[in-house]
Each structure stands twice: as C-alpha cells, then as structure tokens.
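Following: one structure in structure tokens, then a few remarks.
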Amino acid sequence: MVTEKLFVNADLGAGSTSPGVPVELGRLGAQGYFGLDVDCDDVVTLVYKASSDSNTPGDVDDNVLATHVGGGKICYAPAVGPYAKIWIYAVAPADAPVTGLTATLNIW
C-alpha cells in the first residue's frame with residue numbers, strides 16, 4: 001500500500017477550488033484499489049482530472065471521488081480509471097468555506 005497526503009489542515013473560501021494535487025499512479029504500480037480518508041467538519045467535494053500519458057490534466061466523466069458531508073473523519077472507496085496520473089482537487093460549496101481539511105489517499 002502507498003499513502004499519498006493530499007491536504008493537511010487546508011482552508012478554502014466559499015465556492016473556491018484548491019490547486020490540483022498530482023498523484024502519479026503509473027509510477028506507484030498501483031492495482032487500482034483506493035481508500036480515501038477525509039477529515040473535516042465542513043462539507044467538501046473531492047474531484048479529479050486525469051491523464052493517460054502526459055502532464056496535462058484532462059476532464060473525466062463522473063470525476064467525483066467523494067462528497068464529504070462533514071462531521072469529522074470518514075473513509076471512502078472511490079473508483080478511479082486506469083490513468084497514469086491524476087490531479088485531485090477540493091471544492092468548497094458555493095455558500096460556505098471549508099476549514100481544516102485533511103485528506104489522505106491510500107492506494108493498493
């Protein structure tokens with residue numbers, strides 16, 4: 001298993017999106033099983049963009065990894081396609097900021 005820290009105590013303004021956090025799945029030799037730990041008291045959505053062969057992120061159909069409803073730590077089991085590299089973004093709701101977001105992606 002490989003662990004990738006995505007966000008550590010991150011804050012987002014209402015309606016904003018974080019910079020993308022790159023995860024090089026091809027380099028990790030992952031089999032495609034993912035566990036996403038999200039710890040935040042606020043509502044936040046984690047989405048991704050991907051690339052099969054370059055360093056330019058592209059849009060992905062159904063790109064939501066998790067919609068965290070807040071209230072502390074929850075572990076999600078997202079599905080991610082067979083990409084060489086993904087970029088993960090945190091998106092705050094239009095009407096509320098996000099504070100103290102911590103997220104870790106575990107890859108098997």
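Please note that chains go A, B, ... in the order of the structure tokens, that every chain numbers its residues from 1, and that ligands are numbered from 1 in the order shown.
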- Task: Could you give me, as a list in words, the residues within 10 Å of range 61-71 of chain A, counting only C-alpha atoms and dropping anything in the same chain fewer than 4 positions from it?
- Result: Phe34, Leu36, Asp37, Val38, Asp39, Cys40, Asp41, Asp42, Val43, Val44, Thr45, Leu46, Val47, Tyr48, Lys49, Ala50, Cys75, Tyr76, Ala77, Pro78, Ala79, Val80, Gly81, Ile88, Tyr89, Ala90, Val91, Val98 and Leu101 of chain A
Write to file, as a tab-separated table (two decimals), in the first residue's frame, the residues of the selection just made, with N, CA, C and O atoms.
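What landed in again_4.tsv:
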```
chain	number	residue	atom	x	y	z
A	34	PHE	N	-8.56	1.88	-3.97
A	34	PHE	CA	-8.31	3.15	-3.31
A	34	PHE	C	-9.12	3.26	-2.02
A	34	PHE	O	-10.27	2.83	-1.96
A	36	LEU	N	-9.93	6.54	0.55
A	36	LEU	CA	-9.76	7.99	0.71
A	36	LEU	C	-10.27	8.39	2.08
A	36	LEU	O	-11.47	8.32	2.36
A	37	ASP	N	-9.33	8.78	2.96
A	37	ASP	CA	-9.69	9.28	4.29
A	37	ASP	C	-9.85	10.79	4.22
A	37	ASP	O	-8.92	11.49	3.83
A	38	VAL	N	-11.04	11.27	4.58
A	38	VAL	CA	-11.30	12.71	4.61
A	38	VAL	C	-11.69	13.07	6.04
A	38	VAL	O	-12.60	12.47	6.62
A	39	ASP	N	-11.00	14.06	6.59
A	39	ASP	CA	-11.29	14.52	7.94
A	39	ASP	C	-11.56	16.02	7.88
A	39	ASP	O	-10.65	16.81	7.59
A	40	CYS	N	-12.81	16.40	8.08
A	40	CYS	CA	-13.21	17.81	8.02
A	40	CYS	C	-14.59	17.95	8.65
A	40	CYS	O	-15.45	17.08	8.47
A	41	ASP	N	-14.80	19.02	9.36
A	41	ASP	CA	-16.12	19.27	9.94
A	41	ASP	C	-17.07	19.93	8.95
A	41	ASP	O	-18.26	20.04	9.22
A	42	ASP	N	-16.54	20.38	7.81
A	42	ASP	CA	-17.35	21.08	6.81
A	42	ASP	C	-17.65	20.18	5.62
A	42	ASP	O	-16.97	19.19	5.38
A	43	VAL	N	-18.64	20.58	4.85
A	43	VAL	CA	-18.97	19.89	3.60
A	43	VAL	C	-17.92	20.25	2.56
A	43	VAL	O	-17.56	21.42	2.41
A	44	VAL	N	-17.41	19.25	1.85
A	44	VAL	CA	-16.41	19.47	0.80
A	44	VAL	C	-16.52	18.33	-0.21
A	44	VAL	O	-16.84	17.20	0.16
A	45	THR	N	-16.25	18.62	-1.46
A	45	THR	CA	-16.26	17.59	-2.51
A	45	THR	C	-14.84	17.44	-3.05
A	45	THR	O	-14.17	18.43	-3.32
A	46	LEU	N	-14.39	16.21	-3.20
A	46	LEU	CA	-13.09	15.93	-3.80
A	46	LEU	C	-13.32	15.34	-5.19
A	46	LEU	O	-14.09	14.39	-5.34
A	47	VAL	N	-12.69	15.95	-6.18
A	47	VAL	CA	-12.84	15.54	-7.57
A	47	VAL	C	-11.45	15.34	-8.17
A	47	VAL	O	-10.45	15.70	-7.57
A	48	TYR	N	-11.41	14.75	-9.38
A	48	TYR	CA	-10.11	14.59	-10.02
A	48	TYR	C	-10.19	14.81	-11.52
A	48	TYR	O	-11.24	14.72	-12.13
A	49	LYS	N	-9.02	15.14	-12.07
A	49	LYS	CA	-8.78	15.17	-13.50
A	49	LYS	C	-7.68	14.15	-13.74
A	49	LYS	O	-7.01	13.73	-12.81
A	50	ALA	N	-7.46	13.74	-15.01
A	50	ALA	CA	-6.51	12.67	-15.25
A	50	ALA	C	-5.80	12.80	-16.58
A	50	ALA	O	-6.20	13.58	-17.45
A	75	CYS	N	-14.07	7.41	5.78
A	75	CYS	CA	-13.26	6.74	4.76
A	75	CYS	C	-14.17	6.38	3.59
A	75	CYS	O	-15.24	5.81	3.78
A	76	TYR	N	-13.73	6.73	2.38
A	76	TYR	CA	-14.48	6.46	1.16
A	76	TYR	C	-13.69	5.46	0.30
A	76	TYR	O	-12.48	5.36	0.41
A	77	ALA	N	-14.39	4.77	-0.58
A	77	ALA	CA	-13.77	3.82	-1.50
A	77	ALA	C	-14.07	4.28	-2.93
A	77	ALA	O	-14.94	3.75	-3.61
A	78	PRO	N	-13.34	5.29	-3.42
A	78	PRO	CA	-13.63	5.83	-4.74
A	78	PRO	C	-13.15	4.92	-5.87
A	78	PRO	O	-12.24	4.12	-5.69
A	79	ALA	N	-13.79	5.06	-7.01
A	79	ALA	CA	-13.36	4.37	-8.23
A	79	ALA	C	-12.59	5.36	-9.09
A	79	ALA	O	-13.04	6.49	-9.29
A	80	VAL	N	-11.43	4.94	-9.57
A	80	VAL	CA	-10.59	5.77	-10.43
A	80	VAL	C	-10.21	4.93	-11.64
A	80	VAL	O	-9.85	3.76	-11.49
A	81	GLY	N	-10.30	5.52	-12.81
A	81	GLY	CA	-9.96	4.80	-14.04
A	81	GLY	C	-8.49	4.46	-14.13
A	81	GLY	O	-7.69	4.86	-13.29
A	88	ILE	N	-5.94	15.74	-7.91
A	88	ILE	CA	-7.09	15.77	-7.01
A	88	ILE	C	-7.30	17.20	-6.52
A	88	ILE	O	-6.36	17.89	-6.13
A	89	TYR	N	-8.57	17.62	-6.54
A	89	TYR	CA	-8.96	18.97	-6.16
A	89	TYR	C	-10.02	18.89	-5.05
A	89	TYR	O	-10.86	17.99	-5.06
A	90	ALA	N	-10.00	19.84	-4.14
A	90	ALA	CA	-11.06	20.01	-3.14
A	90	ALA	C	-11.91	21.20	-3.57
A	90	ALA	O	-11.36	22.23	-3.97
A	91	VAL	N	-13.22	21.04	-3.50
A	91	VAL	CA	-14.14	22.08	-3.93
A	91	VAL	C	-15.07	22.43	-2.77
A	91	VAL	O	-15.78	21.56	-2.24
A	98	VAL	N	-14.51	26.13	3.72
A	98	VAL	CA	-14.04	24.86	4.27
A	98	VAL	C	-12.79	25.18	5.10
A	98	VAL	O	-11.90	25.87	4.63
A	101	LEU	N	-9.34	21.00	6.38
A	101	LEU	CA	-9.48	19.78	5.57
A	101	LEU	C	-8.18	18.99	5.57
A	101	LEU	O	-7.12	19.51	5.23
```
*asked:* Quick check for you: according to DSSP on this backbone, which residues of chain A are classed as strand (DSSP E)? Reply as an NGL selection string.
replied: :A and (2-12 or 21-23 or 34-40 or 44-51 or 64-68 or 72-76 or 85-91 or 98-107)
Since we have the selection now, will you write its residues out, keeping C-alpha atoms, as a PDB file, in the first residue's frame?
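After the write, result.pdb holds the following:
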```
ATOM      1  CA  VAL A   2       1.131   3.530  -0.786  1.00  0.00           C
ATOM      2  CA  THR A   3      -0.144   6.565   1.125  1.00  0.00           C
ATOM      3  CA  GLU A   4      -0.345   9.987  -0.524  1.00  0.00           C
ATOM      4  CA  LYS A   5      -1.117  13.034   1.645  1.00  0.00           C
ATOM      5  CA  LEU A   6      -3.442  15.277  -0.358  1.00  0.00           C
ATOM      6  CA  PHE A   7      -4.414  18.054   2.049  1.00  0.00           C
ATOM      7  CA  VAL A   8      -3.223  18.839   5.568  1.00  0.00           C
ATOM      8  CA  ASN A   9      -5.368  21.277   7.541  1.00  0.00           C
ATOM      9  CA  ALA A  10      -6.296  23.151   4.331  1.00  0.00           C
ATOM     10  CA  ASP A  11      -8.757  26.030   4.119  1.00  0.00           C
ATOM     11  CA  LEU A  12     -10.891  27.067   1.133  1.00  0.00           C
ATOM     12  CA  VAL A  21      -2.543  17.705  -6.112  1.00  0.00           C
ATOM     13  CA  PRO A  22      -0.789  15.326  -8.535  1.00  0.00           C
ATOM     14  CA  VAL A  23      -0.651  11.584  -7.846  1.00  0.00           C
ATOM     15  CA  PHE A  34      -8.311   3.151  -3.305  1.00  0.00           C
ATOM     16  CA  GLY A  35      -9.201   4.267   0.200  1.00  0.00           C
ATOM     17  CA  LEU A  36      -9.764   7.986   0.709  1.00  0.00           C
ATOM     18  CA  ASP A  37      -9.693   9.277   4.286  1.00  0.00           C
ATOM     19  CA  VAL A  38     -11.302  12.708   4.614  1.00  0.00           C
ATOM     20  CA  ASP A  39     -11.290  14.522   7.940  1.00  0.00           C
ATOM     21  CA  CYS A  40     -13.206  17.805   8.022  1.00  0.00           C
ATOM     22  CA  VAL A  44     -16.408  19.471   0.796  1.00  0.00           C
ATOM     23  CA  THR A  45     -16.256  17.595  -2.510  1.00  0.00           C
ATOM     24  CA  LEU A  46     -13.089  15.930  -3.800  1.00  0.00           C
ATOM     25  CA  VAL A  47     -12.841  15.541  -7.572  1.00  0.00           C
ATOM     26  CA  TYR A  48     -10.112  14.593 -10.018  1.00  0.00           C
ATOM     27  CA  LYS A  49      -8.785  15.167 -13.502  1.00  0.00           C
ATOM     28  CA  ALA A  50      -6.512  12.666 -15.253  1.00  0.00           C
ATOM     29  CA  SER A  51      -4.022  11.863 -17.971  1.00  0.00           C
ATOM     30  CA  VAL A  64     -16.219  12.840  -8.051  1.00  0.00           C
ATOM     31  CA  LEU A  65     -14.080  10.888  -5.597  1.00  0.00           C
ATOM     32  CA  ALA A  66     -16.181  11.789  -2.554  1.00  0.00           C
ATOM     33  CA  THR A  67     -18.779  14.257  -1.365  1.00  0.00           C
ATOM     34  CA  HIS A  68     -17.912  14.655   2.300  1.00  0.00           C
ATOM     35  CA  GLY A  72     -15.265  14.506  11.156  1.00  0.00           C
ATOM     36  CA  LYS A  73     -13.369  11.621   9.603  1.00  0.00           C
ATOM     37  CA  ILE A  74     -14.952   9.306   7.020  1.00  0.00           C
ATOM     38  CA  CYS A  75     -13.260   6.744   4.764  1.00  0.00           C
ATOM     39  CA  TYR A  76     -14.478   6.457   1.157  1.00  0.00           C
ATOM     40  CA  LYS A  85      -1.528  10.404 -13.378  1.00  0.00           C
ATOM     41  CA  ILE A  86      -4.412  12.101 -11.598  1.00  0.00           C
ATOM     42  CA  TRP A  87      -4.814  15.541 -10.046  1.00  0.00           C
ATOM     43  CA  ILE A  88      -7.090  15.774  -7.011  1.00  0.00           C
ATOM     44  CA  TYR A  89      -8.965  18.973  -6.160  1.00  0.00           C
ATOM     45  CA  ALA A  90     -11.063  20.006  -3.144  1.00  0.00           C
ATOM     46  CA  VAL A  91     -14.143  22.079  -3.934  1.00  0.00           C
ATOM     47  CA  VAL A  98     -14.037  24.862   4.274  1.00  0.00           C
ATOM     48  CA  THR A  99     -11.580  24.893   7.173  1.00  0.00           C
ATOM     49  CA  GLY A 100      -9.198  22.260   8.472  1.00  0.00           C
ATOM     50  CA  LEU A 101      -9.478  19.783   5.572  1.00  0.00           C
ATOM     51  CA  THR A 102      -7.155  16.801   5.855  1.00  0.00           C
ATOM     52  CA  ALA A 103      -7.298  14.065   3.215  1.00  0.00           C
ATOM     53  CA  THR A 104      -5.143  11.021   2.506  1.00  0.00           C
ATOM     54  CA  LEU A 105      -5.338   8.632  -0.455  1.00  0.00           C
ATOM     55  CA  ASN A 106      -4.341   5.017   0.215  1.00  0.00           C
ATOM     56  CA  ILE A 107      -3.552   3.019  -2.913  1.00  0.00           C
TER      57      ILE A 107
END
```
Let me make sure I understand: among A:Thr17, A:Trp108, A:Pro97, A:Met1, which one has the smallest atom-to-atom distance to Tyr33 in chain A if we use only C-alpha atoms?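 Of A:Thr17, A:Trp108, A:Pro97, A:Met1, the one nearest Tyr33 in chain A, counting only C-alpha atoms, is A:Trp108.
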field: Within 8 Å of Ala14 in chain A using only C-alpha atoms, minus same-chain residues under 4 positions, as a PyMOL selection string
entry: chain A and resi 92-98
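Using only C-alpha atoms, the nearest neighbour of Asp53 in chain A within the list A:Gly13, A:Gly32, A:Pro19, A:Pro82 is A:Pro82.
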For the structure I just gave you, how does DSSP split chain A - specifically, which residues are alpha helix (DSSP H)? Reply as an mmCIF file with all heavy atoms, in the first residue's frame.
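Saved result, part_22.cif, follows:
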```cif
data_model
loop_
_atom_site.group_PDB
_atom_site.id
_atom_site.type_symbol
_atom_site.label_atom_id
_atom_site.label_comp_id
_atom_site.auth_asym_id
_atom_site.auth_seq_id
_atom_site.Cartn_x
_atom_site.Cartn_y
_atom_site.Cartn_z
ATOM 1 N N LEU A 25 -0.035 7.601 -10.478
ATOM 2 C CA LEU A 25 -0.443 6.218 -10.267
ATOM 3 C C LEU A 25 0.447 5.240 -11.027
ATOM 4 O O LEU A 25 0.767 4.169 -10.523
ATOM 5 C CB LEU A 25 -1.905 6.035 -10.691
ATOM 6 C CG LEU A 25 -2.922 6.879 -9.926
ATOM 7 C CD1 LEU A 25 -4.307 6.666 -10.497
ATOM 8 C CD2 LEU A 25 -2.886 6.541 -8.450
ATOM 9 N N GLY A 26 0.845 5.595 -12.247
ATOM 10 C CA GLY A 26 1.700 4.717 -13.033
ATOM 11 C C GLY A 26 3.031 4.458 -12.353
ATOM 12 O O GLY A 26 3.558 3.343 -12.365
ATOM 13 N N ARG A 27 3.592 5.469 -11.738
ATOM 14 C CA ARG A 27 4.872 5.348 -11.033
ATOM 15 C C ARG A 27 4.732 4.482 -9.781
ATOM 16 O O ARG A 27 5.648 3.775 -9.387
ATOM 17 C CB ARG A 27 5.383 6.737 -10.642
ATOM 18 C CG ARG A 27 6.674 6.736 -9.848
ATOM 19 C CD ARG A 27 7.076 8.128 -9.388
ATOM 20 N NE ARG A 27 6.071 8.809 -8.605
ATOM 21 C CZ ARG A 27 5.871 8.635 -7.296
ATOM 22 N NH1 ARG A 27 6.599 7.790 -6.621
ATOM 23 N NH2 ARG A 27 4.937 9.312 -6.662
ATOM 24 N N LEU A 28 3.559 4.506 -9.164
ATOM 25 C CA LEU A 28 3.350 3.775 -7.916
ATOM 26 C C LEU A 28 3.118 2.283 -8.138
ATOM 27 O O LEU A 28 3.214 1.499 -7.197
ATOM 28 C CB LEU A 28 2.155 4.363 -7.155
ATOM 29 C CG LEU A 28 2.294 5.815 -6.721
ATOM 30 C CD1 LEU A 28 0.989 6.301 -6.115
ATOM 31 C CD2 LEU A 28 3.436 5.973 -5.736
#
```
